[in-house]
Every structure is written in C-alpha cells, then in structure tokens.
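A.B. asks: Structure in structure tokens, see below.
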Amino acid sequence: MTDKRLDKLVRAFAKGDESAFDALYEATSADVYYTILMVLKDPSLSEDIMQDTYMKMIESLPKYRPQGKFRAWIKTIAKRLALNAYHERKKESPHDDDEGPLSLLAQEDGSEKRSELEELMRTLDEEEKEIVIRHAVLGEKHKDIAEALARPLGTVLWKYRNALGKMRRKGGAPDEE
Amino acid sequence: MKNKEWEKRIRSAAKKDVPDVKEEIKSSDVYQNHITSALHKRSTTSGKSFALRYVYAGMAVVAVFMLALILPFGIDGATSVYLDINPGLRIDIDEEDNVLDLFATNPDGEDFLTLLDEPEDKPLDDVIDNIIDKAIERGYLSDEAPYIVYDVRGPSAEQEERILQRLEERLPDVVGTRIAGFAVMRGHGGDETPDEQERAQTHGMSVMRLRLIEHIDDETDDYSFADLKDLSVGELRRIMEEKDIPHHTPGPPSDRPGGPPW
C-alpha cells in the first residue's frame with residue numbers, strides 16, 4: 001500500500017472510520033510485529049507490545065502530521081516500546097542473557113506444528129533468520145542491518161545470500177517456479 | 001530474479017505468522033474513546049453553517065489564483081539537479097540558478113536533508129557546498145567512497161548544459177582537495193528511455209545510478225538488484241572491481257564528453 005493511501009486511511013480513522021483502522025492494521029501489522037520481535041526475540045512478549053503499539057498510535061494520532069511517513073512513524077513507536085520492554089525485562093532478570101538467546105520464531109505454547117515461516121527457515125541459524133527477516137520482511141538495508149548487528153556489511157551480504165541459498169536447497173522451489 | 005521470488009515467499013509466510021491482536025485493540029478503552037470522540041467531533045463540525053463553508057471555499061479559490069500569479073512557471077518548470085552520494089538528492093532551481101526546493105530521492109536522502117541549512121532562495125553553488133560539507137562530515141564522501149554521480153534535467157537545454165558543465169568543473173575543485181582520488185560521474189537526461197525514467201523514479205534514484213546497478217546485476221549472479229540498490233557508489237565500484245565487471249553501461253553513448261569512466 002502506498003504511503004499516500006496510508007495517510008488517507010489515517011485521516012479517515014482520525015474522523016472515526018473504523019474500516020480505515022482495519023485497513024491500517026492490515027497494512028502495517030507485519031512491520032510492527034517484526035520490528036518488535038527483532039528487539040525482544042520473544043514472540044509472546046512481542047504480541048503484547050504490538051497491542052500496546054497500536055494503542056499508543058491511537059493516543060498520539062492528534063500529533064501525527066500526514067507526510068507520507070505513517071509506516072515509519074508506527075515502526076518508531078513499536079521500536080521504542082519494545083526497547084522499554086527489553087530494559088524492563090533486563091531489570092527484572094538481569095542474567096537473562098546467560099540462558100542464551102530466545103528463538104526468533106518458536107512459540108512458547110509447545111506446539112509441534114511449524115508455521116510456514118518456521119518451515120522455510122528451519123535450516124537457518126538465529127542470526128541468518130534475523131538478517132532475512134530484517135531485509136526481506138522489514139525492508140531494512142543491508143548496511144543498516146550490519147550496523148544493528150555490529151557485523152561488517154560484507155558478512156551480512158554473504159549471510160543473506162547464503163541463507164537464501166540454504167532455503168532454496170532445503171525448502172523447495174517457490175510455487176511460481 | 002530468483003532471490004526476489006524467495007523474498008516474496010518469505011514476506012507472505014511472515015505475514016501469516018503475525019499474531020492477530022486487532023480485536024483486542026478494538027475492544028480497548030483507548031480505541032473506543034477515540035471512535036466516540038471522533039464521531040462526536042464530526043457531528044458538531046457538520047453543524048457549521050453553509051455560509052461559512054462558502055466563505056472558506058472562496059478564500060481557497062483566491063489563494064490558488066494568487067499562487068498562480070506568484071509562480072508563473074510553477075515548480076514543474078524548474079530545472080532539477082540530481083546528486084547521488086548515497087544520500088540521493090534532487091535540487092530544483094529557477095532560471096537564475098537559485099534553489100527553489102530540495103528533495104530526497106532515497107531513504108538516506110530523507111535523513112540527510114535534516115542536516116542541511118535552509119536551502120530556499122540560495123544560489124545553487126552555496127547549497128551544493130553545504131551538501132558536500134555534510135556528506136564529508138558524515139562519511140558519505142571519503143577516501144573509500146570518493147564519487148558523486150550527478151545529473152541535470154530541465155526545460156532549458158542551455159541551462160541544463162551550463163549547470164552540467166559547472167558541476168563537472170566545480171565539484172572536483174571543491175571536493176578534490178579534501179578527498180583523495182575524488183571523481184565525478186555524469187549522466188545525461190537526453191538519452192534516457194521513458195522506461196528507464198519510470199524505473200529510476202520507482203526506486204528513487206537517478207537514471208545514471210539505475211544503469212550502473214542494472215549493469216552489475218546483468219554481469220554477475222552474486223548480487224541481486226535488491227542487494228545493490230542501497231549501496232554507495234564507492235561500494236558499487238568496489239564490487240565491479242572485485243567481480244571484474246567491465247566499466248561501461250548499456251544505453252547511452254560511453255564516449256560523450258565528461259561522461260563516466262565506464
């Protein structure tokens with residue numbers, strides 16, 4: 001969906017149009033969820049923060065000036081709330097990191113059934129998953145991913161290509177092929 | 001091409017994994033209060049007198065008419081100077097080479113714009129100096145990335161040619177003393193196809209940069225267009241050297257005066 005169209009929906013929702021909210025949610029929920037997940041690495045907590053993000057967006061709506069940047073704006077809110085939650089969790093259990101990183105995609109409900117995304121990424125390590133999600137889903141540039149992961153750009157580019165290669169080899173061909 | 005198919009497949013799978021919290025949000029007090037207050041505001045606003053609306057409409061018509069008088073040629077008549085340093089920028093100038101407005105042509109450009117001084121009504125040279133200072137300060141222009149790709153397009157061939165020539169002479173003078181091995185690369189607007197223009201516009205880059213990226217994409221399977229489109233010119237150049245890609249772009253004549261080295 002174009003940024004212009006998003007701004008139109010924001011204006012409609014500001015006037016109380018509930019169907020505009022449905023469309024806004026549909027267009028941005030993946031951006032919001034994965035932005036949070038990249039910070040927290042915890043699907044269950046990310047779901048809660050995702051809810052908080054939309055509520056914060058609604059509260060802050062009077063301050064938003066439609067300039068074609070709604071997606072970036074709501075992602076900023078999501079990231080800020082995710083970082084707050086991260087620091088909060090850190091304060092509560094300062095030794096969390098000692099237990100190793102949480103899985104990016106595995107749900108805590110113990111369900112054995114893998115989602116399509118988990119299935120696609122089953123051969124990737126956690127860092128590869130993160131690079132793929134950041135680039136392919138969130139549209140982040142490799143340069144920014146390299147900065148976020150404190151890795152050289154070449155490594156990120158290589159890991160990304162390598163991850164796609166692994167998925168191609170193990171995951172079967174896309175339907176279109 | 002294959003990478004793009006996979007990215008599409010990943011995006012679609014990722015979307016299916018997003019938890020649906022819409023109903024929880026819609027049943028929250030925050031959401032309900034927003035809807036109630038927005039609808040209340042709308043019902044009171046719609047009670048405004050028609051007479052007042054006609055006054056507002058009349059004022060809008062007068063404002064548009066006055067703008068048309070003030071800007072006889074409109075922003076569409078401006079000449080555009082495109083600079084790609086990695087932040088991509090478009091500078092619109094008037095007939096006297098003063099800046100009308102400055103725009104970003106890629107996401108890095110958006111951030112970069114916030115660093116610059118107010119450009120309106122300033123001479124083009126001053127605005128370019130400001131851009132160069134900030135680009136060097138932020139490391140976009142450095143010994144490792146010593147390139148600027150530029151392009152000029154406008155309704156006056158004379159002005160277009162004059163600005164092209166000035167950039168070609170002035171940029172090496174201004175930047176060359178500060179950045180080792182600095183080079184400028186020039187693109188011509190005249191030999192672009194409509195298809196190239198459309199694709200360049202879609203990706204928010206100049207046609208010159210689009211041609212360079214598509215050239216690398218054609219010559220090697222190691223990088224996709226998506227991998228390349230956000231890299232700096234220095235990084236693109238490095239890839240070309242690493243992969244031994246010949247320095248030429250398809251399409252425009254390579255022997256034009258002041259043309260790029262490929």
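By convention here, the chains of the structure tokens are called A, B, ... in the order presented, each chain's residues are numbered starting at 1, and ligands are numbered starting at 1 in the order presented.
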Given only C-alpha atoms, how would the per-residue table for chain B near chain A read, listing every residue at most 7 Å away with its closest atom pair and distance in Å to one decimal, sorted by chain and number, as JSON lines?

C.D. replies:
```
{"residue": "B:Glu5", "atom": "CA", "partner": "A:Pro174", "partner_atom": "CA", "distance": 6.9}
{"residue": "B:Trp6", "atom": "CA", "partner": "A:Pro174", "partner_atom": "CA", "distance": 6.7}
{"residue": "B:Glu7", "atom": "CA", "partner": "A:Ala136", "partner_atom": "CA", "distance": 5.3}
{"residue": "B:Arg9", "atom": "CA", "partner": "A:Pro174", "partner_atom": "CA", "distance": 6.8}
{"residue": "B:Ile10", "atom": "CA", "partner": "A:Leu117", "partner_atom": "CA", "distance": 6.8}
{"residue": "B:Arg11", "atom": "CA", "partner": "A:Val137", "partner_atom": "CA", "distance": 5.2}
{"residue": "B:Ala13", "atom": "CA", "partner": "A:Leu117", "partner_atom": "CA", "distance": 5.0}
{"residue": "B:Ala14", "atom": "CA", "partner": "A:Leu117", "partner_atom": "CA", "distance": 5.7}
{"residue": "B:Lys15", "atom": "CA", "partner": "A:Ala30", "partner_atom": "CA", "distance": 5.6}
{"residue": "B:Asp17", "atom": "CA", "partner": "A:Ser115", "partner_atom": "CA", "distance": 6.9}
{"residue": "B:Val18", "atom": "CA", "partner": "A:Ala30", "partner_atom": "CA", "distance": 6.0}
{"residue": "B:Pro19", "atom": "CA", "partner": "A:Glu47", "partner_atom": "CA", "distance": 6.5}
{"residue": "B:Val21", "atom": "CA", "partner": "A:Gln51", "partner_atom": "CA", "distance": 6.2}
{"residue": "B:Ile25", "atom": "CA", "partner": "A:Gln51", "partner_atom": "CA", "distance": 6.2}
{"residue": "B:Val30", "atom": "CA", "partner": "A:Met55", "partner_atom": "CA", "distance": 6.3}
{"residue": "B:Tyr31", "atom": "CA", "partner": "A:Ile58", "partner_atom": "CA", "distance": 6.9}
{"residue": "B:Ile35", "atom": "CA", "partner": "A:Gly16", "partner_atom": "CA", "distance": 4.8}
{"residue": "B:Ala38", "atom": "CA", "partner": "A:Gly16", "partner_atom": "CA", "distance": 4.9}
{"residue": "B:Leu39", "atom": "CA", "partner": "A:Gly16", "partner_atom": "CA", "distance": 5.5}
{"residue": "B:Arg42", "atom": "CA", "partner": "A:Lys15", "partner_atom": "CA", "distance": 6.7}
{"residue": "B:Asp230", "atom": "CA", "partner": "A:Lys141", "partner_atom": "CA", "distance": 6.6}
```

A.B. asks: Pick out the residues sitting within 12 Å of Asn84 in chain A, and hand them over as a PyMOL selection string; count only C-alpha atoms, and ignore anything fewer than 5 positions along from it in its own chain.

C.D. replies: chain A and resi 36+39-40+46+49+52-53+77-79+89-91

A.B. asks: Between CA of Lys4 in chain A and CA of Asp195 in chain B, what is the distance in Å, rounded to a tenth?

C.D. replies: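 Going from CA of Lys4 in chain A over to CA of Asp195 in chain B, I get 23.2 Å.
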
A.B. asks: Could you give me, as a PyMOL selection string, each residue of chain A that DSSP assigns to helix (DSSP H, G or I) when run on this structure's backbone?

C.D. replies: chain A and resi 3-14+18-40+43-63+70-92+96-99+116-120+126-137+142-149+153-171

A.B. asks: Within 8 Å of Gly68 in chain A, counting only C-alpha atoms, which residues qualify if same-chain residues fewer than 6 places away don't, as a compact mmCIF listing (two decimals) with all heavy atoms, in the first residue's frame?

C.D. replies:
```txt
# COMPACT_ATOMS: atom_id res chain seq x y z
N ASP A 3 2.28 5.12 0.57
CA ASP A 3 2.29 6.00 1.75
C ASP A 3 1.14 7.00 1.70
O ASP A 3 0.57 7.37 2.72
CB ASP A 3 3.63 6.74 1.83
CG ASP A 3 4.77 5.79 2.14
OD1 ASP A 3 4.49 4.74 2.76
OD2 ASP A 3 5.91 6.08 1.77
N LYS A 4 0.80 7.42 0.48
CA LYS A 4 -0.28 8.38 0.30
C LYS A 4 -1.60 7.77 0.77
O LYS A 4 -2.40 8.39 1.44
CB LYS A 4 -0.37 8.73 -1.18
CG LYS A 4 -0.46 10.22 -1.44
CD LYS A 4 -0.44 10.44 -2.91
CE LYS A 4 -0.72 11.90 -3.22
NZ LYS A 4 -0.63 12.18 -4.62
N LEU A 6 -1.94 5.30 2.84
CA LEU A 6 -1.90 5.13 4.30
C LEU A 6 -2.33 6.42 4.99
O LEU A 6 -3.11 6.39 5.94
CB LEU A 6 -0.49 4.76 4.75
CG LEU A 6 -0.08 3.29 4.65
CD1 LEU A 6 1.35 3.11 5.11
CD2 LEU A 6 -0.98 2.40 5.49
N ASP A 7 -1.82 7.55 4.49
CA ASP A 7 -2.19 8.84 5.10
C ASP A 7 -3.68 9.11 4.96
O ASP A 7 -4.31 9.68 5.85
CB ASP A 7 -1.38 9.97 4.47
CG ASP A 7 -0.04 10.17 5.18
OD1 ASP A 7 0.15 9.55 6.24
OD2 ASP A 7 0.80 10.92 4.67
```

A.B. asks: Find, counting only C-alpha atoms, the residue in B:Ala183, B:Tyr223, B:Met205, B:Gly154 that gets nearest to Glu168 in chain B.

C.D. replies: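 Between B:Ala183, B:Tyr223, B:Met205, B:Gly154, the residue approaching Glu168 in chain B most closely is B:Ala183.
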